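Next comes final-v6.cif, a file with mmCIF, C-alpha atoms and all ligand atoms.
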```cif
data_final
loop_
_atom_site.label_atom_id
_atom_site.label_comp_id
_atom_site.auth_asym_id
_atom_site.auth_seq_id
_atom_site.Cartn_x
_atom_site.Cartn_y
_atom_site.Cartn_z
CA MET W 1 -13.79 -4.38 -15.32
CA SER W 2 -17.23 -4.05 -13.77
CA VAL W 3 -17.86 -5.24 -10.23
CA ARG W 4 -20.46 -7.88 -9.43
CA HIS W 5 -23.07 -6.51 -6.98
CA ALA W 6 -24.70 -9.84 -6.06
CA GLY W 7 -28.12 -8.21 -6.25
CA VAL W 8 -27.42 -5.54 -3.62
CA PRO W 9 -29.29 -2.30 -4.46
CA ASP W 10 -27.01 0.49 -5.69
CA VAL W 11 -27.86 2.80 -2.84
CA GLN W 12 -26.55 0.28 -0.29
CA TRP W 13 -23.69 -0.98 -2.45
CA SER W 14 -22.20 2.48 -2.83
CA ASP W 15 -22.59 3.35 0.88
CA TRP W 16 -19.22 2.76 2.50
CA THR W 17 -20.73 2.23 5.94
CA TRP W 18 -22.98 -0.53 4.48
CA GLN W 19 -19.89 -2.14 2.97
CA MET W 20 -18.07 -2.03 6.34
CA ARG W 21 -21.04 -3.49 8.21
CA ASN W 22 -21.45 -6.30 5.68
CA ARG W 23 -17.87 -7.44 5.36
CA ILE W 24 -17.20 -11.12 4.69
CA ARG W 25 -15.72 -12.88 7.69
CA ASP W 26 -16.55 -16.59 7.34
CA VAL W 27 -16.64 -19.38 4.77
CA GLY W 28 -20.43 -19.26 4.51
CA ALA W 29 -20.41 -15.61 3.46
CA LEU W 30 -17.41 -16.15 1.18
CA ALA W 31 -19.27 -18.95 -0.61
CA HIS W 32 -21.77 -16.37 -1.93
CA TRP W 33 -18.93 -14.95 -4.03
CA ILE W 34 -16.60 -17.84 -4.89
CA ASP W 35 -16.50 -21.60 -4.53
CA PRO W 36 -13.75 -21.90 -1.88
CA THR W 37 -11.24 -24.67 -2.56
CA ASP W 38 -10.41 -27.30 0.05
CA ASP W 39 -7.08 -25.52 0.62
CA GLU W 40 -8.83 -22.18 1.21
CA ARG W 41 -11.42 -23.71 3.56
CA ARG W 42 -8.75 -25.45 5.65
CA ALA W 43 -6.56 -22.33 5.70
CA ILE W 44 -9.43 -20.14 6.91
CA GLU W 45 -9.88 -22.49 9.86
CA ALA W 46 -6.18 -22.98 10.58
CA LEU W 47 -5.37 -19.24 10.45
CA ALA W 48 -8.38 -17.96 12.37
CA ASP W 49 -6.29 -17.34 15.51
CA ARG W 50 -3.25 -15.93 13.70
CA PHE W 51 -4.55 -13.59 11.01
CA HIS W 52 -8.20 -14.05 10.23
CA PHE W 53 -9.72 -12.86 6.98
CA VAL W 54 -12.03 -9.90 6.29
CA ILE W 55 -13.12 -8.79 2.79
CA THR W 56 -15.42 -5.98 1.64
CA PRO W 57 -18.30 -7.05 -0.64
CA TYR W 58 -16.94 -4.57 -3.21
CA TYR W 59 -13.54 -6.29 -3.34
CA ALA W 60 -15.15 -9.74 -3.28
CA GLY W 61 -17.06 -8.64 -6.39
CA LEU W 62 -13.72 -8.36 -8.21
CA MET W 63 -12.77 -11.99 -7.52
CA ASP W 64 -13.02 -14.59 -10.26
CA PRO W 65 -15.31 -17.23 -8.71
CA GLY W 66 -13.95 -20.00 -10.93
CA ASP W 67 -10.21 -19.33 -10.63
CA PRO W 68 -8.36 -20.08 -7.37
CA GLU W 69 -5.30 -18.32 -8.85
CA CYS W 70 -7.27 -15.11 -9.39
CA PRO W 71 -4.90 -12.26 -8.41
CA ILE W 72 -7.62 -10.52 -6.40
CA ARG W 73 -8.61 -13.66 -4.54
CA ARG W 74 -5.00 -14.55 -3.71
CA GLN W 75 -4.49 -11.18 -2.00
CA VAL W 76 -7.25 -11.68 0.56
CA VAL W 77 -8.32 -15.35 0.86
CA PRO W 78 -6.09 -17.43 3.19
CA ARG W 79 -4.01 -20.31 1.78
CA LEU W 80 -2.35 -23.20 3.64
CA ALA W 81 0.96 -21.95 2.21
CA GLU W 82 0.83 -19.26 4.92
CA LEU W 83 1.66 -21.99 7.43
CA HIS W 84 4.94 -22.83 5.67
CA ASP W 85 7.42 -20.01 6.01
CA ALA W 86 10.74 -20.88 7.62
CA TYR W 87 12.18 -17.36 7.67
CA GLY W 88 9.35 -14.87 8.02
CA VAL W 89 9.09 -12.90 11.27
CA ALA W 90 6.32 -10.82 12.85
CA ASP W 91 8.07 -7.44 12.66
CA PRO W 92 10.75 -7.52 9.93
CA LEU W 93 11.35 -3.77 10.06
CA ASP W 94 11.74 -3.80 13.83
CA GLU W 95 9.03 -1.16 14.06
CA VAL W 96 8.27 -1.78 17.72
CA ALA W 97 11.89 -0.97 18.60
CA HIS W 98 11.59 2.26 16.59
CA SER W 99 8.55 3.50 18.53
CA PRO W 100 9.15 6.28 21.08
CA VAL W 101 5.44 6.13 22.01
CA LYS W 102 2.72 3.69 21.06
CA ASN W 103 2.24 3.37 17.26
CA VAL W 104 4.64 6.20 16.36
CA ILE W 105 7.43 4.71 14.20
CA ARG W 106 10.53 6.80 13.69
CA VAL W 107 13.24 5.54 11.33
CA TYR W 108 14.34 8.89 9.88
CA PRO W 109 15.11 12.09 11.83
CA ASP W 110 12.48 14.29 10.14
CA ARG W 111 9.49 12.04 9.52
CA ILE W 112 7.37 9.42 11.19
CA ALA W 113 4.71 6.86 10.47
CA PHE W 114 1.85 7.31 12.93
CA CYS W 115 -0.31 4.16 13.05
CA VAL W 116 -3.50 5.87 14.12
CA ASN W 117 -5.69 2.78 14.13
CA ASN W 118 -5.56 -0.98 13.77
CA GLU W 119 -8.47 -1.46 11.37
CA CYS W 120 -8.71 -1.77 7.59
CA ALA W 121 -11.55 -2.38 5.15
CA LEU W 122 -10.06 -5.80 4.42
CA TYR W 123 -7.00 -7.74 5.51
CA CYS W 124 -4.30 -8.35 2.90
CA ARG W 125 -2.57 -11.69 3.38
CA PHE W 126 0.86 -10.07 2.81
CA CYS W 127 0.24 -7.15 5.19
CA LEU W 128 3.44 -5.83 6.75
CA ARG W 129 1.46 -4.89 9.87
CA LYS W 130 -0.52 -8.10 10.22
CA ARG W 131 0.77 -8.22 13.78
CA MET W 132 -1.49 -5.26 14.56
CA VAL W 133 -4.29 -5.21 11.98
CA GLY W 134 -7.55 -6.32 13.60
CA ASP W 135 -5.84 -6.88 16.97
CA ASP W 136 -7.38 -4.86 19.84
CA GLU W 137 -4.02 -4.54 21.58
CA TRP W 138 -2.95 -2.13 18.81
CA SER W 139 -6.12 -0.06 18.62
CA MET W 140 -5.70 3.62 19.50
CA LYS W 141 -7.92 5.20 22.11
CA LYS W 142 -8.32 8.99 21.95
CA ARG W 143 -5.97 9.33 24.92
CA GLU W 144 -3.30 7.33 23.04
CA LEU W 145 -3.73 9.45 19.91
CA GLU W 146 -3.24 12.51 22.11
CA GLU W 147 -0.03 10.99 23.51
CA GLY W 148 1.25 10.54 19.94
CA LEU W 149 0.34 14.14 19.11
CA ALA W 150 2.07 15.36 22.27
CA TRP W 151 5.25 13.51 21.24
CA ILE W 152 5.14 15.18 17.80
CA ARG W 153 4.61 18.60 19.47
CA ARG W 154 7.72 18.22 21.60
CA THR W 155 9.87 16.86 18.71
CA PRO W 156 10.56 19.85 16.44
CA GLN W 157 12.61 17.81 13.94
CA ILE W 158 9.41 16.18 12.63
CA ARG W 159 8.29 17.96 9.46
CA ASP W 160 6.45 15.11 7.69
CA VAL W 161 3.81 12.90 9.30
CA LEU W 162 2.44 9.80 7.58
CA LEU W 163 -0.92 8.71 8.98
CA THR W 164 -1.21 4.99 8.50
CA GLY W 165 -2.36 1.95 10.42
CA GLY W 166 -4.33 -0.02 9.65
CA ASP W 167 -6.02 2.58 7.53
CA PRO W 168 -6.68 6.16 8.63
CA LEU W 169 -9.64 6.54 6.25
CA VAL W 170 -11.57 3.97 8.28
CA PHE W 171 -11.96 6.83 10.78
CA SER W 172 -15.13 8.89 10.63
CA ASP W 173 -14.89 12.28 8.91
CA GLU W 174 -15.21 13.95 12.34
CA ARG W 175 -12.31 12.05 13.90
CA LEU W 176 -10.09 12.60 10.87
CA ASP W 177 -10.95 16.31 10.87
CA TRP W 178 -9.98 16.55 14.53
CA LEU W 179 -6.70 14.68 14.01
CA LEU W 180 -5.69 16.71 10.96
CA ALA W 181 -6.53 19.97 12.73
CA GLU W 182 -4.36 18.94 15.70
CA LEU W 183 -1.45 18.17 13.36
CA ARG W 184 -1.93 21.35 11.37
CA ALA W 185 -1.70 23.36 14.59
CA ILE W 186 1.87 22.10 15.11
CA ARG W 187 4.08 24.65 13.39
CA HIS W 188 6.95 22.32 12.52
CA VAL W 189 4.69 19.78 10.77
CA GLU W 190 4.93 20.88 7.14
CA ILE W 191 3.05 18.07 5.39
CA VAL W 192 0.69 15.27 6.31
CA ARG W 193 0.55 12.12 4.23
CA LEU W 194 -2.19 9.52 4.31
CA GLY W 195 -1.44 5.87 3.59
CA SER W 196 -4.75 4.29 2.60
CA ARG W 197 -5.83 1.28 0.58
CA LEU W 198 -9.47 2.34 0.65
CA PRO W 199 -9.44 3.84 -2.88
CA VAL W 200 -8.70 0.23 -3.96
CA THR W 201 -10.69 -1.87 -1.51
CA LEU W 202 -13.61 0.45 -0.69
CA PRO W 203 -13.58 3.43 -3.10
CA PHE W 204 -16.99 4.63 -1.89
CA ARG W 205 -15.23 5.85 1.26
CA VAL W 206 -13.85 8.75 -0.76
CA THR W 207 -16.99 10.86 -0.49
CA ASP W 208 -17.36 14.54 -1.28
CA ALA W 209 -17.69 15.16 2.46
CA LEU W 210 -14.35 13.43 3.12
CA CYS W 211 -12.70 15.48 0.37
CA ARG W 212 -14.04 18.69 1.98
CA VAL W 213 -12.37 17.64 5.24
CA LEU W 214 -9.05 16.95 3.51
CA GLU W 215 -9.17 20.22 1.58
CA LYS W 216 -9.30 22.14 4.87
CA HIS W 217 -5.91 20.84 5.95
CA HIS W 218 -3.58 21.12 2.97
CA PRO W 219 -0.86 20.23 2.13
CA ILE W 220 -2.22 16.67 2.30
CA TRP W 221 -0.74 13.89 0.16
CA LEU W 222 -2.10 10.37 -0.21
CA ASN W 223 -0.43 7.15 -1.22
CA THR W 224 -2.63 4.22 -2.02
CA HIS W 225 -1.91 0.60 -2.87
CA PHE W 226 -3.08 -0.92 -6.17
CA ASN W 227 -1.36 -4.23 -6.97
CA HIS W 228 -3.11 -5.47 -10.10
CA PRO W 229 -4.74 -3.91 -13.16
CA ARG W 230 -8.03 -5.64 -12.32
CA GLU W 231 -8.28 -3.30 -9.31
CA LEU W 232 -8.40 -0.26 -11.63
CA THR W 233 -12.19 -0.14 -11.78
CA PRO W 234 -14.37 2.85 -12.72
CA GLU W 235 -15.25 3.16 -9.01
CA ALA W 236 -11.58 3.29 -7.99
CA ALA W 237 -10.80 5.77 -10.78
CA ALA W 238 -13.68 8.00 -9.60
CA ALA W 239 -12.36 7.89 -6.01
CA CYS W 240 -8.89 8.95 -7.14
CA ASP W 241 -10.40 11.66 -9.31
CA ARG W 242 -12.31 13.09 -6.32
CA LEU W 243 -9.09 13.19 -4.29
CA LEU W 244 -7.18 14.84 -7.10
CA ARG W 245 -9.91 17.45 -7.60
CA ALA W 246 -9.65 18.21 -3.88
CA GLY W 247 -5.97 19.01 -4.48
CA VAL W 248 -4.60 15.81 -2.93
CA PRO W 249 -1.72 14.35 -5.00
CA VAL W 250 -2.26 10.58 -5.24
CA GLY W 251 0.64 8.13 -5.53
CA ASN W 252 0.73 4.36 -5.56
CA GLN W 253 2.85 1.97 -3.53
CA SER W 254 2.51 -1.61 -4.67
CA VAL W 255 4.18 -4.78 -3.42
CA LEU W 256 5.84 -7.18 -5.84
CA LEU W 257 3.90 -10.41 -5.33
CA ARG W 258 4.59 -13.78 -6.92
CA GLY W 259 1.79 -14.90 -9.20
CA ILE W 260 -0.03 -11.57 -8.81
CA ASN W 261 2.01 -8.84 -10.44
CA ASP W 262 5.51 -10.25 -11.04
CA ASP W 263 4.74 -10.77 -14.71
CA ARG W 264 6.13 -8.02 -16.99
CA GLN W 265 2.96 -7.31 -18.94
CA THR W 266 0.87 -7.27 -15.75
CA MET W 267 3.14 -4.75 -14.02
CA LYS W 268 3.28 -2.60 -17.16
CA ALA W 269 -0.52 -2.66 -17.49
CA LEU W 270 -0.88 -1.75 -13.81
CA CYS W 271 1.49 1.20 -14.02
CA GLU W 272 0.12 2.50 -17.31
CA GLY W 273 -3.43 2.18 -15.99
CA LEU W 274 -2.47 4.15 -12.88
CA VAL W 275 -0.98 6.92 -15.01
CA ARG W 276 -4.19 7.07 -17.06
CA MET W 277 -5.98 7.68 -13.73
CA ARG W 278 -3.41 10.41 -12.93
CA VAL W 279 -2.04 8.30 -10.08
CA ARG W 280 1.77 8.29 -9.99
CA PRO W 281 3.42 4.87 -9.54
CA TYR W 282 5.76 5.79 -6.68
CA TYR W 283 7.25 2.70 -5.03
CA CYS W 284 7.07 -1.01 -5.67
CA TYR W 285 8.19 -2.80 -2.53
CA GLN W 286 10.08 -6.03 -2.37
CA ALA W 287 7.90 -8.29 -0.18
CA GLN W 288 9.42 -8.43 3.30
CA LEU W 289 10.60 -11.47 5.26
CA LEU W 290 7.25 -11.42 6.97
CA GLU W 291 5.70 -14.48 8.60
CA GLY W 292 3.38 -16.50 6.39
CA THR W 293 4.37 -14.83 3.11
CA ALA W 294 7.13 -17.03 1.59
CA HIS W 295 4.78 -17.98 -1.26
CA PHE W 296 4.50 -14.30 -2.24
CA ARG W 297 8.19 -13.43 -2.29
CA VAL W 298 10.03 -12.88 -5.58
CA PRO W 299 13.84 -13.15 -5.92
CA ILE W 300 15.25 -9.62 -5.98
CA GLU W 301 17.12 -10.30 -9.25
CA GLU W 302 13.78 -11.01 -10.93
CA GLY W 303 12.35 -7.75 -9.60
CA VAL W 304 15.39 -5.80 -10.81
CA ALA W 305 15.08 -7.41 -14.26
CA LEU W 306 11.36 -6.60 -14.41
CA PHE W 307 11.81 -2.89 -13.77
CA ARG W 308 14.89 -2.78 -15.97
CA TRP W 309 12.72 -4.25 -18.75
CA MET W 310 10.12 -1.51 -18.28
CA ARG W 311 12.72 1.24 -18.82
CA GLY W 312 12.44 2.37 -22.44
CA ARG W 313 9.14 0.52 -22.94
CA THR W 314 6.83 3.00 -21.21
CA SER W 315 6.77 6.57 -19.92
CA GLY W 316 9.48 7.18 -17.34
CA PHE W 317 7.03 8.40 -14.72
CA ALA W 318 5.04 5.17 -15.12
CA ILE W 319 7.94 3.21 -13.63
CA PRO W 320 7.93 3.04 -9.83
CA LEU W 321 11.13 2.87 -7.83
CA TYR W 322 11.69 -0.74 -6.76
CA VAL W 323 12.74 -0.62 -3.11
CA LEU W 324 13.62 -2.83 -0.20
CA ASP W 325 12.48 -1.51 3.14
CA THR W 326 14.87 -2.25 6.01
CA PRO W 327 15.00 -1.28 9.70
CA HIS W 328 17.46 1.41 8.54
CA GLY W 329 15.27 2.88 5.80
CA LYS W 330 14.43 2.19 2.17
CA VAL W 331 17.05 0.97 -0.29
CA PRO W 332 16.45 1.46 -4.04
CA LEU W 333 16.90 -1.83 -5.91
CA THR W 334 18.03 -0.37 -9.21
CA HIS W 335 19.98 -1.96 -11.98
CA ALA W 336 23.54 -0.70 -11.96
CA TYR W 337 23.49 1.39 -15.15
CA VAL W 338 26.80 3.02 -14.30
CA ARG W 339 29.62 0.73 -15.40
CA GLY W 340 32.52 2.86 -14.19
CA ARG W 341 35.00 5.50 -15.31
CA GLU W 342 37.44 5.58 -18.24
CA GLY W 343 39.61 8.67 -17.76
CA ASP W 344 37.43 11.69 -18.38
CA ALA W 345 34.39 9.64 -19.34
CA VAL W 346 31.79 7.82 -17.29
CA VAL W 347 30.62 4.65 -18.95
CA VAL W 348 26.94 3.81 -18.65
CA GLU W 349 24.70 1.16 -20.10
CA THR W 350 21.58 2.46 -21.87
CA CYS W 351 18.23 0.77 -21.42
CA ASP W 352 18.68 -1.15 -24.68
CA GLY W 353 22.00 -2.60 -23.48
CA ARG W 354 24.37 -0.32 -25.44
CA THR W 355 27.43 1.24 -23.90
CA TRP W 356 27.56 5.04 -23.74
CA ARG W 357 30.61 7.07 -22.77
CA GLU W 358 29.69 10.45 -21.34
CA ARG W 359 32.45 13.01 -21.10
CA ASN W 360 32.45 14.00 -17.47
CA PRO W 361 35.89 14.96 -16.11
CA ARG W 362 36.42 14.89 -12.38
CA ALA W 363 37.80 18.47 -12.48
CA ALA W 364 35.71 21.39 -13.75
CA GLU W 365 36.55 22.43 -17.35
CA ASP W 366 36.82 26.07 -18.33
S1 LIG T 401 -4.83 -2.29 3.66
FE1 LIG T 401 -2.65 -2.03 4.16
S2 LIG T 401 -2.53 -2.04 6.40
FE2 LIG T 401 -4.55 -2.89 5.81
S3 LIG T 401 -4.27 -5.11 5.72
FE3 LIG T 401 -3.90 -4.32 3.64
S4 LIG T 401 -1.67 -3.96 3.53
FE4 LIG T 401 -2.24 -4.15 5.71
#
```
Taking this structure as input, can you express it in the form of structure tokens?
Ligand code: SF4
Amino acid sequence: MSVRHAGVPDVQWSDWTWQMRNRIRDVGALAHWIDPTDDERRAIEALADRFHFVITPYYAGLMDPGDPECPIRRQVVPRLAELHDAYGVADPLDEVAHSPVKNVIRVYPDRIAFCVNNECALYCRFCLRKRMVGDDEWSMKKRELEEGLAWIRRTPQIRDVLLTGGDPLVFSDERLDWLLAELRAIRHVEIVRLGSRLPVTLPFRVTDALCRVLEKHHPIWLNTHFNHPRELTPEAAAACDRLLRAGVPVGNQSVLLRGINDDRQTMKALCEGLVRMRVRPYYCYQAQLLEGTAHFRVPIEEGVALFRWMRGRTSGFAIPLYVLDTPHGKVPLTHAYVRGREGDAVVVETCDGRTWRERNPRAAED
């Protein structure tokens, strides 16, 4: 799908700093792109103090101006439904309690998420970290980044560092280069991962200059966050291609969202489109019990059935692992294919519902 430019010259449109400076932050600016509904207008006002909205012109260009149910629009434009969530909480994964120093989240012994900033190109209405995104209290001054680095230096168990936020690619090339060099200088840090939605929401950020920075600090991995096939634009594909050519493996972590990608054909089209772009569908997250997101949540049984349905209908590596994140780590939400044991055989159910008995004695056979 091509992106509407709204008459902006190409040279500005494809400049990521222009896109950041000209982000949409109020109803007046939004009205240049869509005709906001009464619900959207009232929600923007009512939610201004809780989780305000910010959208890049690029992403706004993907919205269907005449369809309030547009899956792009629903991800970023506030709705009054956000005010009606009886069970959602601010920090469902208890990340604050898992932080030894500011913005370092440690759930597993050998890896951490390091929330290096509090800013993103746009604010997703279902954001797990909406408590921190755009909130100055969670921004990271250089001194605070250095405190995080010092903690990693004195914790030799940490072999895998995920830079996230917010979004680490909102940093300038210079700051990212400095941060990656500091991490690379720590001998026990084997890999650095970047969690960034910018290939989706602002693909022009993935410049050749950025790729040269990343190439200097391998092994670097990147997971991005496409949720709908309409996000798979030529611009996004080109951004992923630049990363891949720089030797950065690109994976995708989506969130299962009601009315956006919980339809079988939509999820299949998303995953197959990602594979065509050489982006590996890695995880699909169950939406958390996060405040203001009840209208996005899908019953887990429906998610299990969706991914079960995909098995056998597309390439195996096009099917992401459906997971529930918990304060104790991720739990795969897989269909129970294993039915049990019958003597020396294990009984499994194949993807087309047939029963298969695999000889598999408990004791080794000569
Ligand atoms: S890009 Fe990621 S961190 Fe930023 S608002 Fe969206 S979901 Fe949250």
Please identify every polymer residue within 12 Å of ligand LIG 401 (chain T), using all atoms listed in the file, and present the set as a PDB file with C-alpha atoms, keeping the file's coordinate frame.
```pdb
ATOM      1  CA  PHE W  51      -4.550 -13.590  11.010  1.00  0.00           C
ATOM      2  CA  HIS W  52      -8.200 -14.050  10.230  1.00  0.00           C
ATOM      3  CA  PHE W  53      -9.720 -12.860   6.980  1.00  0.00           C
ATOM      4  CA  VAL W  54     -12.030  -9.900   6.290  1.00  0.00           C
ATOM      5  CA  ILE W  55     -13.120  -8.790   2.790  1.00  0.00           C
ATOM      6  CA  THR W  56     -15.420  -5.980   1.640  1.00  0.00           C
ATOM      7  CA  TYR W  59     -13.540  -6.290  -3.340  1.00  0.00           C
ATOM      8  CA  GLN W  75      -4.490 -11.180  -2.000  1.00  0.00           C
ATOM      9  CA  VAL W  76      -7.250 -11.680   0.560  1.00  0.00           C
ATOM     10  CA  CYS W 115      -0.310   4.160  13.050  1.00  0.00           C
ATOM     11  CA  VAL W 116      -3.500   5.870  14.120  1.00  0.00           C
ATOM     12  CA  ASN W 117      -5.690   2.780  14.130  1.00  0.00           C
ATOM     13  CA  ASN W 118      -5.560  -0.980  13.770  1.00  0.00           C
ATOM     14  CA  GLU W 119      -8.470  -1.460  11.370  1.00  0.00           C
ATOM     15  CA  CYS W 120      -8.710  -1.770   7.590  1.00  0.00           C
ATOM     16  CA  ALA W 121     -11.550  -2.380   5.150  1.00  0.00           C
ATOM     17  CA  LEU W 122     -10.060  -5.800   4.420  1.00  0.00           C
ATOM     18  CA  TYR W 123      -7.000  -7.740   5.510  1.00  0.00           C
ATOM     19  CA  CYS W 124      -4.300  -8.350   2.900  1.00  0.00           C
ATOM     20  CA  ARG W 125      -2.570 -11.690   3.380  1.00  0.00           C
ATOM     21  CA  PHE W 126       0.860 -10.070   2.810  1.00  0.00           C
ATOM     22  CA  CYS W 127       0.240  -7.150   5.190  1.00  0.00           C
ATOM     23  CA  LEU W 128       3.440  -5.830   6.750  1.00  0.00           C
ATOM     24  CA  ARG W 129       1.460  -4.890   9.870  1.00  0.00           C
ATOM     25  CA  LYS W 130      -0.520  -8.100  10.220  1.00  0.00           C
ATOM     26  CA  ARG W 131       0.770  -8.220  13.780  1.00  0.00           C
ATOM     27  CA  MET W 132      -1.490  -5.260  14.560  1.00  0.00           C
ATOM     28  CA  VAL W 133      -4.290  -5.210  11.980  1.00  0.00           C
ATOM     29  CA  GLY W 134      -7.550  -6.320  13.600  1.00  0.00           C
ATOM     30  CA  ASP W 135      -5.840  -6.880  16.970  1.00  0.00           C
ATOM     31  CA  LEU W 163      -0.920   8.710   8.980  1.00  0.00           C
ATOM     32  CA  THR W 164      -1.210   4.990   8.500  1.00  0.00           C
ATOM     33  CA  GLY W 165      -2.360   1.950  10.420  1.00  0.00           C
ATOM     34  CA  GLY W 166      -4.330  -0.020   9.650  1.00  0.00           C
ATOM     35  CA  ASP W 167      -6.020   2.580   7.530  1.00  0.00           C
ATOM     36  CA  PRO W 168      -6.680   6.160   8.630  1.00  0.00           C
ATOM     37  CA  LEU W 169      -9.640   6.540   6.250  1.00  0.00           C
ATOM     38  CA  VAL W 170     -11.570   3.970   8.280  1.00  0.00           C
ATOM     39  CA  LEU W 194      -2.190   9.520   4.310  1.00  0.00           C
ATOM     40  CA  GLY W 195      -1.440   5.870   3.590  1.00  0.00           C
ATOM     41  CA  SER W 196      -4.750   4.290   2.600  1.00  0.00           C
ATOM     42  CA  ARG W 197      -5.830   1.280   0.580  1.00  0.00           C
ATOM     43  CA  LEU W 198      -9.470   2.340   0.650  1.00  0.00           C
ATOM     44  CA  PRO W 199      -9.440   3.840  -2.880  1.00  0.00           C
ATOM     45  CA  VAL W 200      -8.700   0.230  -3.960  1.00  0.00           C
ATOM     46  CA  THR W 201     -10.690  -1.870  -1.510  1.00  0.00           C
ATOM     47  CA  LEU W 202     -13.610   0.450  -0.690  1.00  0.00           C
ATOM     48  CA  ASN W 223      -0.430   7.150  -1.220  1.00  0.00           C
ATOM     49  CA  THR W 224      -2.630   4.220  -2.020  1.00  0.00           C
ATOM     50  CA  HIS W 225      -1.910   0.600  -2.870  1.00  0.00           C
ATOM     51  CA  PHE W 226      -3.080  -0.920  -6.170  1.00  0.00           C
ATOM     52  CA  ASN W 227      -1.360  -4.230  -6.970  1.00  0.00           C
ATOM     53  CA  GLN W 253       2.850   1.970  -3.530  1.00  0.00           C
ATOM     54  CA  SER W 254       2.510  -1.610  -4.670  1.00  0.00           C
ATOM     55  CA  VAL W 255       4.180  -4.780  -3.420  1.00  0.00           C
ATOM     56  CA  TYR W 285       8.190  -2.800  -2.530  1.00  0.00           C
ATOM     57  CA  ALA W 287       7.900  -8.290  -0.180  1.00  0.00           C
ATOM     58  CA  GLN W 288       9.420  -8.430   3.300  1.00  0.00           C
TER      59      GLN W 288
END
```
Inset, instruction - Please determine the residues with any atom at most 12 Å from (-21.8, -8.1, 4.8) (coordinates as given in the file, with all atoms listed in the file counting) and report them as a ChimeraX atom specification. - result: /W:5-6,8,12-13,16-26,28-30,32-33,54-60,121-122
Inset, instruction - Find the residues around region 271-282 of chain W up to 12 Å (all atoms listed in the file counted), leave out those fewer than 4 positions away in its own chain, and share them as a PyMOL selection string. - result: chain W and resi 199-200+221-245+248-255+261+264-267+307+310+313-323+332
May I have the residues within 6 Å of region 83-96 of chain W as a compact mmCIF listing (two decimals) with C-alpha atoms, in the frame of the given file, using all atoms listed in the file and disregarding those fewer than 2 positions away in the same chain?
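What ended up in selection16.txt:
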```txt
# COMPACT_ATOMS: atom_id res chain seq x y z
CA LEU W 80 -2.35 -23.20 3.64
CA ALA W 81 0.96 -21.95 2.21
CA HIS W 98 11.59 2.26 16.59
CA SER W 99 8.55 3.50 18.53
CA LEU W 289 10.60 -11.47 5.26
CA LEU W 290 7.25 -11.42 6.97
CA GLU W 291 5.70 -14.48 8.60
CA GLY W 292 3.38 -16.50 6.39
CA ALA W 294 7.13 -17.03 1.59
CA THR W 326 14.87 -2.25 6.01
CA PRO W 327 15.00 -1.28 9.70
```
Legend entry - Close residues, Arg354 (chain W) itself excluded, 12 Å, only C-alpha atoms, min 3 positions apart in chain, as a PyMOL selection string: chain W and resi 337-339+347-351+357
Take the residues just selected and output them with C-alpha atoms as a short mmCIF file (atom, residue, chain, number, x, y, z; two decimals), keeping the file's coordinate frame.
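selection_13.cif was written with the following content:
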```
data_model
loop_
_atom_site.label_atom_id
_atom_site.label_comp_id
_atom_site.auth_asym_id
_atom_site.auth_seq_id
_atom_site.Cartn_x
_atom_site.Cartn_y
_atom_site.Cartn_z
CA TYR W 337 23.49 1.39 -15.15
CA VAL W 338 26.80 3.02 -14.30
CA ARG W 339 29.62 0.73 -15.40
CA VAL W 347 30.62 4.65 -18.95
CA VAL W 348 26.94 3.81 -18.65
CA GLU W 349 24.70 1.16 -20.10
CA THR W 350 21.58 2.46 -21.87
CA CYS W 351 18.23 0.77 -21.42
CA ARG W 357 30.61 7.07 -22.77
#
```
Legend entry - Distance criterion (all atoms listed in the file): nearest to Gly259 (chain W) out of W:Val331, W:Ala31, W:Val298, W:Ala345: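 When distances to Gly259 (chain W) are compared using all atoms listed in the file, the smallest one comes from W:Val298.
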Enclose region 188-207 of chain W, meaning all of its atoms listed in the file, in a box aligned along x, y and z, pad it by 4 Å on each side, and list the centre and edge lengths in Å to one decimal, as lines of an AutoDock Vina configuration file.
```
center_x = -5.0
center_y = 10.2
center_z = 4.3
size_x = 31.9
size_y = 32.2
size_z = 24.5
```
Inset, instruction - Grab the CA of Gln286 (chain W) to CA of Val189 (chain W) distance for me, in Å with one decimal place. - result: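 CA of Gln286 (chain W) sits 29.5 Å away from CA of Val189 (chain W).
Put simply, CA of Val77 (chain W) is 10.4 Å away from CA of Ile34 (chain W).
Minimum distance to Arg153 (chain W) across W:Asp15, W:Arg187, W:Ser172, W:Ser139 (counting only C-alpha atoms) occurs at W:Arg187.
When all atoms listed in the file are used to compute distances to Gly343 (chain W), the closest of the residues W:Gln157, W:Asn360, W:Thr293, W:Thr355 turns out to be W:Asn360.
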Inset, instruction - Would you list the residues near (13.3, 8.6, 12.6) (no more than 12 Å away, in the coordinates of the file, using only C-alpha atoms) as a list in words? - result: Glu95, Ala97, His98, Ser99, Pro100, Val104, Ile105, Arg106, Val107, Tyr108, Pro109, Asp110, Arg111, Ile112, Ala113, Phe114, Ile152, Thr155, Gln157, Ile158, Arg159, Asp160, Val161, Pro327, His328 and Gly329 of chain W
Legend entry - Pairwise distance for CA of Arg42 (chain W) and CA of Glu69 (chain W), rounded to one decimal in Å: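 Computing it gives 16.5 Å between the two atoms.
Counting all atoms listed in the file, the residue from W:Ala336, W:Ile191, W:Val101, W:Val346 that sits nearest to Glu144 (chain W) is W:Val101.
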